[in-house]
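Quick look at model.cif (mmCIF, C-alpha atoms):
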data_structure
loop_
_atom_site.label_atom_id
_atom_site.label_comp_id
_atom_site.auth_asym_id
_atom_site.auth_seq_id
_atom_site.Cartn_x
_atom_site.Cartn_y
_atom_site.Cartn_z
CA MET A 26 22.57 18.24 -43.44
CA PRO A 27 23.44 21.84 -44.45
CA THR A 28 23.46 22.52 -48.16
CA PHE A 29 25.60 24.70 -50.43
CA TYR A 30 22.95 27.44 -50.29
CA GLU A 31 23.29 27.80 -46.56
CA SER A 32 26.84 29.01 -46.90
CA ASN A 33 29.05 29.33 -43.82
CA PRO A 34 27.87 28.72 -40.26
CA ILE A 35 26.34 31.67 -38.48
CA GLU A 36 27.60 30.50 -35.13
CA LYS A 37 29.42 27.54 -33.58
CA LEU A 38 28.52 26.79 -29.98
CA SER A 39 29.55 24.27 -27.39
CA VAL A 40 26.80 23.42 -24.91
CA THR A 41 26.78 21.06 -21.93
CA LEU A 42 23.63 20.84 -19.87
CA ASN A 43 23.28 19.90 -16.23
CA SER A 44 20.18 18.84 -14.36
CA ASP A 45 19.30 22.41 -13.27
CA ASP A 46 19.54 23.71 -16.85
CA PHE A 47 17.27 20.97 -18.07
CA GLN A 48 14.78 21.52 -15.23
CA ASN A 49 14.59 25.25 -15.90
CA SER A 50 14.21 24.77 -19.66
CA TYR A 51 11.56 22.07 -19.23
CA ASN A 52 9.62 24.28 -16.84
CA LEU A 53 9.89 27.18 -19.28
CA VAL A 54 8.39 25.03 -22.04
CA GLU A 55 5.58 23.73 -19.83
CA GLN A 56 4.68 27.23 -18.64
CA ASN A 57 4.58 28.53 -22.20
CA ILE A 58 2.52 25.91 -24.02
CA SER A 59 -0.23 28.53 -24.22
CA PRO A 60 -1.21 31.63 -22.18
CA ILE A 61 -3.50 29.47 -19.99
CA HIS A 62 -0.48 27.38 -18.97
CA HIS A 63 1.28 30.31 -17.22
CA ARG A 64 1.15 29.66 -13.50
CA GLU A 65 0.10 33.28 -12.88
CA VAL A 66 -2.87 32.87 -15.25
CA LYS A 67 -4.00 29.57 -13.71
CA ALA A 68 -3.65 30.88 -10.15
CA GLY A 69 -5.35 34.16 -11.14
CA PHE A 70 -8.24 32.25 -12.68
CA CYS A 71 -8.76 30.27 -9.45
CA LEU A 72 -8.55 33.44 -7.31
CA THR A 73 -11.10 35.17 -9.56
CA LEU A 74 -13.46 32.22 -9.18
CA ALA A 75 -12.97 32.34 -5.40
CA VAL A 76 -13.86 36.06 -5.39
CA LEU A 77 -16.92 35.43 -7.61
CA ILE A 78 -18.13 32.64 -5.34
CA GLY A 79 -17.53 34.88 -2.31
CA SER A 80 -19.57 37.68 -3.88
CA SER A 81 -22.45 35.27 -4.47
CA ILE A 82 -22.75 34.39 -0.74
CA PRO A 83 -25.38 37.10 0.04
CA CYS A 84 -27.53 35.77 -2.82
CA TYR A 85 -26.97 32.20 -1.62
CA ALA A 86 -27.93 33.20 1.94
CA ILE A 87 -31.39 34.28 0.76
CA HIS A 88 -32.22 30.72 -0.35
CA TYR A 89 -30.24 28.56 2.09
CA ALA A 90 -29.61 28.65 5.83
CA SER A 91 -25.91 27.63 5.86
CA TYR A 92 -22.80 28.84 3.97
CA TRP A 93 -20.73 25.69 3.97
CA ILE A 94 -21.01 24.94 0.23
CA PRO A 95 -19.69 28.34 -1.03
CA ILE A 96 -17.12 28.47 1.79
CA GLY A 97 -15.95 24.97 0.79
CA ALA A 98 -15.77 26.04 -2.87
CA ILE A 99 -13.70 29.12 -1.93
CA ILE A 100 -11.28 26.97 0.06
CA VAL A 101 -10.93 24.56 -2.89
CA MET A 102 -10.26 27.48 -5.29
CA LEU A 103 -7.66 29.03 -2.94
CA ALA A 104 -5.96 25.64 -2.55
CA ALA A 105 -5.95 25.22 -6.35
CA ALA A 106 -4.40 28.70 -6.75
CA VAL A 107 -1.62 27.82 -4.29
CA PHE A 108 -1.11 24.48 -6.06
CA PHE A 109 -0.83 26.02 -9.54
CA TYR A 110 1.45 28.84 -8.39
CA ALA A 111 3.79 27.05 -6.01
CA GLU A 112 3.45 23.28 -6.20
CA GLN A 113 2.97 22.49 -9.89
CA PRO A 114 6.27 24.06 -11.04
CA ARG A 115 8.00 21.93 -8.38
CA ILE A 116 6.28 18.77 -9.73
CA ILE A 117 7.28 19.70 -13.30
CA LYS A 118 10.89 20.22 -12.23
CA LYS A 119 10.93 16.89 -10.41
CA TRP A 120 9.64 15.16 -13.55
CA ALA A 121 12.25 17.02 -15.63
CA THR A 122 14.97 15.66 -13.34
CA GLN A 123 13.70 12.13 -13.96
CA VAL A 124 13.67 12.73 -17.73
CA PHE A 125 17.20 14.15 -17.63
CA GLU A 126 18.57 11.33 -15.50
CA SER A 127 16.94 8.69 -17.71
CA ASN A 128 18.64 9.95 -20.88
CA GLN A 129 22.42 9.62 -20.97
CA LEU A 130 22.61 11.58 -24.22
CA LEU A 131 21.35 14.79 -22.60
CA ASN A 132 24.33 15.50 -20.37
CA LEU A 133 26.93 15.08 -23.10
CA LYS A 134 28.92 17.97 -24.52
CA ASN A 135 27.16 19.06 -27.72
CA GLU A 136 28.76 20.98 -30.54
CA ILE A 137 25.97 23.03 -32.11
CA VAL A 138 26.48 24.75 -35.45
CA LEU A 139 23.83 27.19 -36.59
CA TYR A 140 23.22 27.68 -40.30
CA ARG A 141 20.80 29.87 -42.19
CA ASP A 142 18.06 27.22 -42.39
CA CYS A 143 19.07 24.58 -39.88
CA MET A 144 21.21 23.56 -36.95
CA VAL A 145 23.58 20.61 -36.68
CA ILE A 146 24.14 19.02 -33.29
CA GLU A 147 26.98 16.62 -32.69
CA ASN A 148 28.13 14.75 -29.62
CA GLU A 149 30.17 11.66 -28.84
CA TYR A 150 27.43 9.29 -30.03
CA GLU A 151 25.18 11.09 -32.49
CA LYS A 152 25.00 13.69 -35.21
CA LEU A 153 21.71 15.23 -36.21
CA SER A 154 20.36 18.15 -38.15
CA GLU A 155 17.12 20.01 -37.53
CA TYR A 156 15.60 22.62 -39.81
CA TRP A 157 14.14 25.68 -38.12
CA THR A 158 10.82 24.79 -39.71
CA ASP A 159 10.86 21.43 -37.85
CA PHE A 160 10.45 23.14 -34.50
CA ASP A 161 7.16 24.20 -33.00
CA LYS A 162 8.49 27.31 -31.32
CA CYS A 163 11.51 29.04 -29.85
CA LEU A 164 11.45 30.37 -26.31
CA GLU A 165 14.02 32.76 -24.90
CA ASN A 166 14.41 33.84 -21.30
CA SER A 167 17.26 35.29 -19.27
CA GLY A 168 19.12 31.97 -19.16
CA TYR A 169 18.27 29.90 -22.24
CA PHE A 170 17.07 29.55 -25.80
CA VAL A 171 14.74 26.55 -25.93
CA LEU A 172 13.51 25.06 -29.20
CA THR A 173 10.66 22.57 -28.92
CA SER A 174 9.31 19.58 -30.87
CA GLY A 175 12.12 18.94 -33.32
CA THR A 176 12.13 15.84 -35.50
CA ASN A 177 14.99 14.12 -33.70
CA ARG A 178 14.99 16.02 -30.41
CA SER A 179 11.87 17.00 -28.53
CA MET A 180 13.76 19.88 -26.90
CA VAL A 181 17.00 21.64 -27.85
CA VAL A 182 18.49 23.93 -25.21
CA ILE A 183 21.15 26.57 -25.79
CA LYS A 184 22.55 27.87 -22.53
CA LYS A 185 23.26 31.60 -22.65
CA GLN A 186 25.94 31.26 -19.99
CA ASP A 187 28.13 29.47 -22.56
CA LEU A 188 27.87 32.35 -25.09
CA SER A 189 29.75 35.63 -25.38
CA LYS A 190 27.77 38.89 -25.68
CA GLU A 191 28.33 39.04 -29.46
CA GLN A 192 27.35 35.40 -29.94
CA LEU A 193 24.26 35.91 -27.84
CA ASP A 194 23.12 38.88 -29.92
CA ARG A 195 23.74 37.07 -33.21
CA VAL A 196 21.90 33.93 -32.10
CA SER A 197 18.99 35.89 -30.66
CA VAL A 198 18.54 38.00 -33.80
CA HIS A 199 18.83 34.97 -36.07
CA LEU A 200 16.26 32.95 -34.13
CA GLN A 201 13.88 35.91 -33.89
CA ASN A 202 14.09 36.45 -37.64
CA PHE A 203 13.54 32.81 -38.51
CA PHE A 204 10.90 31.86 -35.96
CA ALA A 205 8.95 35.13 -36.36
CA TYR A 206 5.57 34.62 -34.66
CA ARG A 207 6.75 31.27 -33.25
CA TYR A 208 9.40 33.11 -31.23
CA HIS A 209 8.46 34.02 -27.64
CA LYS A 210 10.47 36.00 -25.15
CA ALA A 211 9.59 34.86 -21.62
CA LYS A 212 10.18 36.98 -18.53
CA SER A 213 11.62 34.39 -16.16
CA MET B 24 34.93 -4.21 -39.25
CA PRO B 25 32.43 -6.56 -37.56
CA ASP B 26 31.57 -9.85 -39.16
CA GLU B 27 28.58 -9.42 -41.47
CA LYS B 28 26.99 -12.54 -39.98
CA GLU B 29 26.85 -10.77 -36.62
CA MET B 30 25.08 -7.72 -38.03
CA ILE B 31 21.33 -7.39 -38.49
CA ILE B 32 20.27 -4.60 -40.83
CA VAL B 33 16.69 -3.34 -40.76
CA ASN B 34 15.67 -0.86 -43.42
CA TYR B 35 12.16 0.54 -43.47
CA LEU B 36 9.83 3.44 -44.17
CA THR B 37 7.17 4.04 -41.54
CA THR B 38 3.60 3.44 -42.72
CA LYS B 39 0.44 4.65 -41.04
CA GLU B 40 -0.21 1.19 -39.54
CA ASP B 41 3.37 1.00 -38.23
CA PHE B 42 2.96 4.36 -36.54
CA VAL B 43 -0.36 3.39 -34.96
CA ASP B 44 1.11 0.06 -33.75
CA PHE B 45 4.07 1.95 -32.27
CA ARG B 46 1.86 4.42 -30.40
CA LEU B 47 -0.34 1.62 -29.05
CA ALA B 48 2.73 -0.35 -27.95
CA ALA B 49 4.31 2.73 -26.32
CA SER B 50 1.08 3.28 -24.42
CA LYS B 51 0.93 -0.39 -23.34
CA ALA B 52 4.55 -0.15 -22.18
CA VAL B 53 3.74 2.49 -19.55
CA ILE B 54 0.49 0.94 -18.32
CA ASN B 55 0.59 -0.59 -14.88
CA HIS B 56 -1.46 -3.80 -15.16
CA LYS B 57 -2.27 -3.88 -11.45
CA GLU B 58 -3.74 -0.36 -11.59
CA VAL B 59 -5.80 -1.31 -14.65
CA LEU B 60 -7.10 -4.41 -12.88
CA ILE B 61 -8.04 -2.37 -9.80
CA LEU B 62 -9.85 0.19 -12.00
CA ASN B 63 -11.71 -2.58 -13.86
CA VAL B 64 -12.84 -4.20 -10.61
CA LEU B 65 -13.85 -0.80 -9.22
CA GLY B 66 -15.83 -0.15 -12.40
CA TYR B 67 -17.68 -3.47 -12.16
CA VAL B 68 -18.48 -2.82 -8.48
CA MET B 69 -19.87 0.62 -9.38
CA ILE B 70 -22.02 -0.87 -12.16
CA LEU B 71 -23.34 -3.58 -9.82
CA PHE B 72 -24.01 -1.11 -7.02
CA GLY B 73 -25.70 1.30 -9.44
CA LEU B 74 -27.96 -1.41 -10.87
CA VAL B 75 -28.88 -2.82 -7.45
CA GLY B 76 -29.55 0.70 -6.16
CA GLU B 77 -31.65 1.60 -9.19
CA VAL B 78 -33.81 -1.55 -8.94
CA LEU B 79 -34.10 -2.04 -5.18
CA LEU B 80 -33.29 1.19 -3.36
CA SER B 81 -34.24 4.11 -5.59
CA LYS B 82 -37.30 6.05 -4.42
CA ALA B 83 -37.00 9.48 -6.09
CA LEU B 84 -35.85 11.05 -9.34
CA TYR B 85 -32.60 12.41 -7.89
CA THR B 86 -31.60 8.94 -6.57
CA ASP B 87 -32.43 7.51 -10.04
CA ILE B 88 -30.02 10.06 -11.51
CA ILE B 89 -27.29 9.27 -8.95
CA TYR B 90 -27.52 5.49 -9.53
CA GLY B 91 -27.66 6.04 -13.31
CA LEU B 92 -24.51 8.18 -13.17
CA LEU B 93 -22.84 5.52 -11.03
CA VAL B 94 -23.55 2.89 -13.72
CA LEU B 95 -22.30 5.20 -16.50
CA PHE B 96 -19.11 6.09 -14.61
CA GLY B 97 -18.55 2.41 -13.80
CA LEU B 98 -18.92 1.52 -17.48
CA PHE B 99 -16.48 4.28 -18.43
CA ILE B 100 -13.68 3.28 -16.07
CA SER B 101 -14.08 -0.47 -16.63
CA PHE B 102 -13.89 -0.14 -20.43
CA TYR B 103 -11.49 2.82 -20.68
CA PHE B 104 -8.12 1.04 -20.84
CA ASN B 105 -9.24 -1.95 -22.90
CA THR B 106 -11.54 -0.28 -25.41
CA LEU B 107 -11.80 3.49 -25.29
CA GLN B 108 -8.15 4.44 -24.82
CA PRO B 109 -6.86 2.33 -27.77
CA TYR B 110 -9.63 3.79 -29.94
CA PHE B 111 -8.75 7.41 -29.05
CA LEU B 112 -5.03 6.70 -29.35
CA ARG B 113 -5.49 5.12 -32.79
CA SER B 114 -7.48 8.11 -33.97
CA ARG B 115 -4.93 10.63 -32.58
CA SER B 116 -2.02 8.67 -34.10
CA ILE B 117 -3.63 8.66 -37.55
CA ASN B 118 -4.20 12.42 -37.31
CA TYR B 119 -0.58 12.95 -36.23
CA PHE B 120 0.75 10.76 -39.03
CA GLU B 121 -1.28 12.59 -41.64
CA SER B 122 -0.26 16.03 -40.43
CA HIS B 123 3.44 15.14 -39.86
CA GLY B 124 4.13 13.08 -42.99
CA GLU B 125 7.46 14.89 -43.52
CA ARG B 126 8.80 13.30 -40.32
CA MET B 127 8.14 9.74 -41.46
CA ILE B 128 11.37 9.20 -43.36
CA ALA B 129 13.25 5.99 -44.19
CA GLN B 130 15.42 4.59 -41.41
CA ILE B 131 18.18 2.04 -41.19
CA VAL B 132 18.85 0.31 -37.89
CA THR B 133 21.88 -1.94 -37.67
CA PHE B 134 22.32 -4.24 -34.69
CA TYR B 135 25.82 -5.35 -33.71
CA PRO B 136 26.63 -7.58 -30.75
CA GLU B 137 27.81 -4.59 -28.65
CA LYS B 138 26.12 -1.55 -30.18
CA LEU B 139 23.44 -0.39 -32.58
CA GLU B 140 23.46 2.17 -35.33
CA LEU B 141 20.51 4.39 -36.24
CA THR B 142 20.64 6.20 -39.56
CA THR B 143 18.30 8.52 -41.42
CA ASP B 144 19.00 11.34 -43.86
CA ARG B 145 19.30 13.70 -40.93
CA TYR B 146 20.30 11.55 -38.00
CA LYS B 147 23.18 9.19 -37.35
CA ALA B 148 23.89 7.58 -34.01
CA THR B 149 26.09 4.78 -32.79
CA LEU B 150 24.87 3.76 -29.39
CA PRO B 151 26.32 1.09 -27.14
CA TYR B 152 23.41 -0.84 -25.63
CA LYS B 153 24.26 0.52 -22.18
CA MET B 154 23.19 3.98 -23.42
CA LEU B 155 19.60 2.79 -23.88
CA TYR B 156 17.11 3.56 -21.14
CA GLN B 157 14.94 0.55 -21.92
CA CYS B 158 13.47 -1.59 -24.70
CA TYR B 159 9.96 -2.85 -25.22
CA GLU B 160 8.74 -5.54 -27.56
CA ASP B 161 5.22 -6.61 -28.42
CA ASP B 162 3.87 -8.69 -31.30
CA LYS B 163 4.23 -5.82 -33.81
CA VAL B 164 7.13 -3.56 -32.85
CA PHE B 165 10.41 -3.16 -30.98
CA ILE B 166 10.72 0.17 -29.19
CA LEU B 167 14.16 1.48 -28.27
CA TYR B 168 14.13 4.19 -25.59
CA THR B 169 17.09 6.52 -25.21
CA GLY B 170 15.27 8.17 -22.30
CA ILE B 171 11.81 8.89 -20.94
CA GLY B 172 9.76 10.14 -23.90
CA GLU B 173 12.62 9.76 -26.42
CA MET B 174 12.19 6.60 -28.47
CA ARG B 175 12.59 4.97 -31.85
CA PHE B 176 10.77 1.94 -33.08
CA ILE B 177 11.25 -0.91 -35.50
CA PRO B 178 8.17 -2.51 -37.08
CA LYS B 179 8.45 -6.31 -37.05
CA ARG B 180 7.02 -6.49 -40.56
CA ALA B 181 10.38 -5.14 -41.78
CA VAL B 182 12.30 -7.98 -40.12
CA SER B 183 12.42 -11.66 -41.01
CA GLN B 184 11.29 -14.20 -38.40
CA GLU B 185 14.87 -15.34 -37.89
CA ASP B 186 16.24 -11.79 -37.48
CA CYS B 187 13.39 -10.99 -35.13
CA CYS B 188 14.55 -13.78 -32.82
CA ARG B 189 18.16 -12.61 -33.07
CA ILE B 190 17.22 -9.00 -32.25
CA HIS B 191 15.17 -10.26 -29.32
CA GLN B 192 18.13 -12.29 -28.12
CA ILE B 193 20.64 -9.42 -28.44
CA LEU B 194 18.38 -6.89 -26.71
CA SER B 195 17.33 -9.19 -23.89
CA GLU B 196 20.93 -10.24 -23.21
CA GLN B 197 22.31 -6.70 -23.35
CA LEU B 198 19.54 -4.87 -21.51
CA LYS B 199 18.54 -7.57 -19.01
CA GLU B 200 15.98 -6.07 -16.59
CA LYS B 201 15.59 -2.97 -18.79
CA TYR B 202 14.06 -5.18 -21.48
CA LYS B 203 10.28 -5.66 -21.44
CA GLN B 204 8.36 -8.03 -23.65
CA GLU B 205 4.63 -8.48 -24.03
CA GLY B 206 2.54 -10.76 -26.22
CA ALA B 207 5.46 -11.38 -28.62
CA ARG B 208 6.73 -14.55 -30.36
#
Mind turning the file's structure into structure tokens?
Amino acid sequence: MPTFYESNPIEKLSVTLNSDDFQNSYNLVEQNISPIHHREVKAGFCLTLAVLIGSSIPCYAIHYASYWIPIGAIIVMLAAAVFFYAEQPRIIKKWATQVFESNQLLNLKNEIVLYRDCMVIENEYEKLSEYWTDFDKCLENSGYFVLTSGTNRSMVVIKKQDLSKEQLDRVSVHLQNFFAYRYHKAKS
Amino acid sequence: MPDEKEMIIVNYLTTKEDFVDFRLAASKAVINHKEVLILNVLGYVMILFGLVGEVLLSKALYTDIIYGLLVLFGLFISFYFNTLQPYFLRSRSINYFESHGERMIAQIVTFYPEKLELTTDRYKATLPYKMLYQCYEDDKVFILYTGIGEMRFIPKRAVSQEDCCRIHQILSEQLKEKYKQEGAR
């Protein structure tokens, strides 16, 4: 819990998540595990391979009579690109819905108090504190702040819609300062 | 204030063995035994087919390689869930425990007839049993799930035989079909 040295709260927030919020936050985390997990990167990688295979067809034709193996490989790569770009985010969101619906604690109204070194989350059934150093990273996009891999919560979501402009600026600056290189601003 | 006789208090600090047992149990809890059986049978068929092919049908080096790969792949899938997966999981769990020692703090879990309390230095929850997603018990741990992927566990070594039976009784009565038990008692 917060100590004397942490002084007064920096911000007090009230956050209630719905299924869409959780889906979007979960997808944001999955897409930002590492650069290779971005759907654009995965799809781009498959398209590049398809182009490389396509460019090797003349060389292949010198040694073999038919083209069906490289053509088949190109089709597989194009299908993989479509899957990574369009289908996988849908699968992730579907899984996120299942996770959200399975956990009755996630849709409760949470009172979140931010301190210098930690945050305290309280709802009808639980009260927990997480130090900023407990989290793996902080992601921010146009709709949410998402903190991942806490000790008591695998994902903490702060919905921007619930914050005023001043609160938003204060929270954003505070998280950026504390997470430093573990802070990532995502586009979507 | 509930009657003290109705309460069961479990107080423990997670050890490396507890953590490994928990991870193994959590993995067993999500395994579909029918799928494992099908994979095992498939593996044995591949081994048999590979061996028969290698001895009776193989006529060239490339067919030797194909039948050899078939045997290897068969061995892999027939031994994966029973031998390889627990080994890898044990090794990963030990690594996680050693690199996340600060997360392994003392916990107190108190069972009441209608609710349970979870307490650590930084977490306090009072949860009616209906808030739990499911529970799993094997011969070494109880796992309490608040949702998919969110769980807490109680090592049985921290509980007396009598309390173990009482916890089992409370959880199975309260959670009914959401309570799973394997290899316990």
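In this structure, CA of Tyr146 (chain B) sits 5.9 Å away from CA of Lys152 (chain A).
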field: Nearest residue to chain B from the set A:Ala211, A:Ile183, A:Leu193, A:Ala121 (distances using only C-alpha atoms)
entry: A:Ala121
task: List every protein, DNA or RNA residue that has an atom no more than 12 Å from (-16.7, 26.5, -0.7) in the file's coordinate frame, counting all atoms listed in the file, and report them as a list of chain:residue names.
output: A:Leu74, A:Ala75, A:Val76, A:Leu77, A:Ile78, A:Gly79, A:Ser80, A:Ser81, A:Ile82, A:Tyr85, A:Ser91, A:Tyr92, A:Trp93, A:Ile94, A:Pro95, A:Ile96, A:Gly97, A:Ala98, A:Ile99, A:Ile100, A:Val101, A:Met102, A:Leu103, A:Ala104
Explicit residue set for the PyMOL selection byres ((chain A) within 12 of (chain B)), as number ranges by chain: A: 26-27, 120-133, 143-156, 158-161, 174-180
field: d(CA of Ile32 (chain B), CA of Phe134 (chain B)) in Å
entry: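 Separation of CA of Ile32 (chain B) and CA of Phe134 (chain B): 6.5 Å.
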query: Any idea what's packed within 12 Å of Leu74 (chain B), counting only C-alpha atoms, ignoring anything in its chain fewer than 3 positions away? Could you give it as a PyMOL selection string?
result: chain B and resi 67-71+77-81+86-95+97-98
message: At a cut-off of 10 Å around the point (12.1, 26.9, -17.3) (file coordinates), what residues fall inside when counting all atoms listed in the file? I'd like the answer as a list in words.
response: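 Residues found, by chain and rising number: Asp45, Asp46, Phe47, Gln48, Asn49, Ser50, Tyr51, Asn52, Leu53, Val54, Glu55, Gln56, Asn57, Pro114, Ile117, Lys118, Leu164, Glu165, Asn166, Gly168, Tyr169, Val171, Ala211 and Ser213 of chain A.
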task: Could you please determine the separation between CA of Glu58 (chain B) and CA of Lys163 (chain B) in Å, to one decimal place?
output: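 A separation of 24.2 Å between them.
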With 3 Å on each side, where is the centre of the axis-aligned box around all listed atoms of region 136-154 of chain B, and how long are its edges in Å to one decimal, as AutoDock Vina command-line options?
--center_x 23.1 --center_y 3.1 --center_z -33.0 --size_x 15.5 --size_y 27.3 --size_z 27.7
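For Asp161 (chain B), the non-local neighbours within 12 Å, defined as residues at least 6 positions apart in the same chain or in other chains and counting all atoms listed in the file, are Asp44, Phe45, Arg46, Leu47, Ala48, Ala49, Ser50, Lys51, Ala52, Phe176, Ile177, Pro178, Lys179, Cys187, His191, Tyr202, Lys203, Gln204, Glu205, Gly206, Ala207 and Arg208 of chain B.
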- request: Find, counting all atoms listed in the file, the residue in B:Ile100, B:Met30, B:Leu107, B:Val75 that gets nearest to Leu60 (chain B).
  value: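 Nearest to Leu60 (chain B): B:Ile100.
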query: Can you tell me, as a ChimeraX atom specification, what residues are no more than 7 Å from Tyr152 (chain B) when counting all atoms listed in the file, ignoring any on the same chain fewer than 4 positions away?
result: /B:137-139,197-198
C-alpha atoms of the current selection, written as an mmCIF file, in the coordinates of the input:
data_model
loop_
_atom_site.group_PDB
_atom_site.id
_atom_site.type_symbol
_atom_site.label_atom_id
_atom_site.label_comp_id
_atom_site.auth_asym_id
_atom_site.auth_seq_id
_atom_site.Cartn_x
_atom_site.Cartn_y
_atom_site.Cartn_z
ATOM 1 C CA GLU B 137 27.810 -4.590 -28.650
ATOM 2 C CA LYS B 138 26.120 -1.550 -30.180
ATOM 3 C CA LEU B 139 23.440 -0.390 -32.580
ATOM 4 C CA GLN B 197 22.310 -6.700 -23.350
ATOM 5 C CA LEU B 198 19.540 -4.870 -21.510
#
- request: Compare B:Phe165, B:Tyr119, B:Tyr103, B:Tyr135 by their minimum atom-to-atom distance to Ile31 (chain B), counting all atoms listed in the file, and give me the closest one.
  value: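 That would be B:Tyr135, the residue with the smallest distance to Ile31 (chain B).
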task: Find the residue from B:Glu29, B:Asp41, B:Glu121, B:Glu185 that sits nearest to Val164 (chain B); use only C-alpha atoms when measuring.
output: B:Asp41
- line: Across A:Lys67, A:Lys162, A:Arg195, A:Lys185, the smallest distance to Tyr208 (chain A), with only C-alpha atoms counted, is shown by A:Lys162
Target residues per the PyMOL selection byres ((chain B and resi 130) around 8), formatted as a list in words: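 In the shown coordinates, the PyMOL selection byres ((chain B and resi 130) around 8) covers Asn34, Tyr35, Leu36, Ile128, Ala129, Ile131, Val132, Leu141, Thr142 and Thr143 of chain B.
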Picked residues, the PyMOL selection byres ((chain A and resi 34-41) around 6), as JSON, numbers by chain: {"A": [33, 42, 134, 135, 136, 137, 138, 139, 140]}
Please fill the gaps in region 141-158 of chain B so it has N, CA and C atoms, and write that as a tab-separated table (two decimals), in the frame of the given file.
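As written to disk, result-v1.tsv reads:
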chain	number	residue	atom	x	y	z
B	141	LEU	N	21.77	3.87	-35.71
B	141	LEU	CA	20.51	4.39	-36.24
B	141	LEU	C	20.86	5.41	-37.30
B	142	THR	N	20.30	5.26	-38.48
B	142	THR	CA	20.64	6.20	-39.56
B	142	THR	C	19.40	6.64	-40.32
B	143	THR	N	19.27	7.96	-40.48
B	143	THR	CA	18.30	8.52	-41.42
B	143	THR	C	19.06	9.58	-42.21
B	144	ASP	N	18.36	10.26	-43.10
B	144	ASP	CA	19.00	11.34	-43.86
B	144	ASP	C	19.59	12.41	-42.94
B	145	ARG	N	18.92	12.58	-41.79
B	145	ARG	CA	19.30	13.70	-40.93
B	145	ARG	C	19.71	13.28	-39.52
B	146	TYR	N	19.93	12.02	-39.33
B	146	TYR	CA	20.30	11.55	-38.00
B	146	TYR	C	21.22	10.34	-38.11
B	147	LYS	N	22.29	10.36	-37.36
B	147	LYS	CA	23.18	9.19	-37.35
B	147	LYS	C	23.69	9.01	-35.93
B	148	ALA	N	23.44	7.84	-35.39
B	148	ALA	CA	23.89	7.58	-34.01
B	148	ALA	C	24.48	6.19	-33.90
B	149	THR	N	25.52	6.09	-33.13
B	149	THR	CA	26.09	4.78	-32.79
B	149	THR	C	26.02	4.66	-31.28
B	150	LEU	N	25.12	3.82	-30.83
B	150	LEU	CA	24.87	3.76	-29.39
B	150	LEU	C	25.22	2.39	-28.82
B	151	PRO	N	26.13	2.35	-27.86
B	151	PRO	CA	26.32	1.09	-27.14
B	151	PRO	C	25.01	0.77	-26.41
B	152	TYR	N	24.71	-0.49	-26.24
B	152	TYR	CA	23.41	-0.84	-25.63
B	152	TYR	C	23.25	-0.26	-24.23
B	153	LYS	N	24.37	-0.02	-23.54
B	153	LYS	CA	24.26	0.52	-22.18
B	153	LYS	C	23.70	1.96	-22.18
B	154	MET	N	23.73	2.63	-23.35
B	154	MET	CA	23.19	3.98	-23.42
B	154	MET	C	21.66	3.99	-23.49
B	155	LEU	N	21.06	2.83	-23.76
B	155	LEU	CA	19.60	2.79	-23.88
B	155	LEU	C	18.95	2.80	-22.50
B	156	TYR	N	17.85	3.49	-22.41
B	156	TYR	CA	17.11	3.56	-21.14
B	156	TYR	C	16.32	2.28	-20.92
B	157	GLN	N	15.64	1.83	-21.98
B	157	GLN	CA	14.94	0.55	-21.92
B	157	GLN	C	14.50	0.12	-23.32
B	158	CYS	N	14.03	-1.10	-23.44
B	158	CYS	CA	13.47	-1.59	-24.70
B	158	CYS	C	12.15	-2.28	-24.42
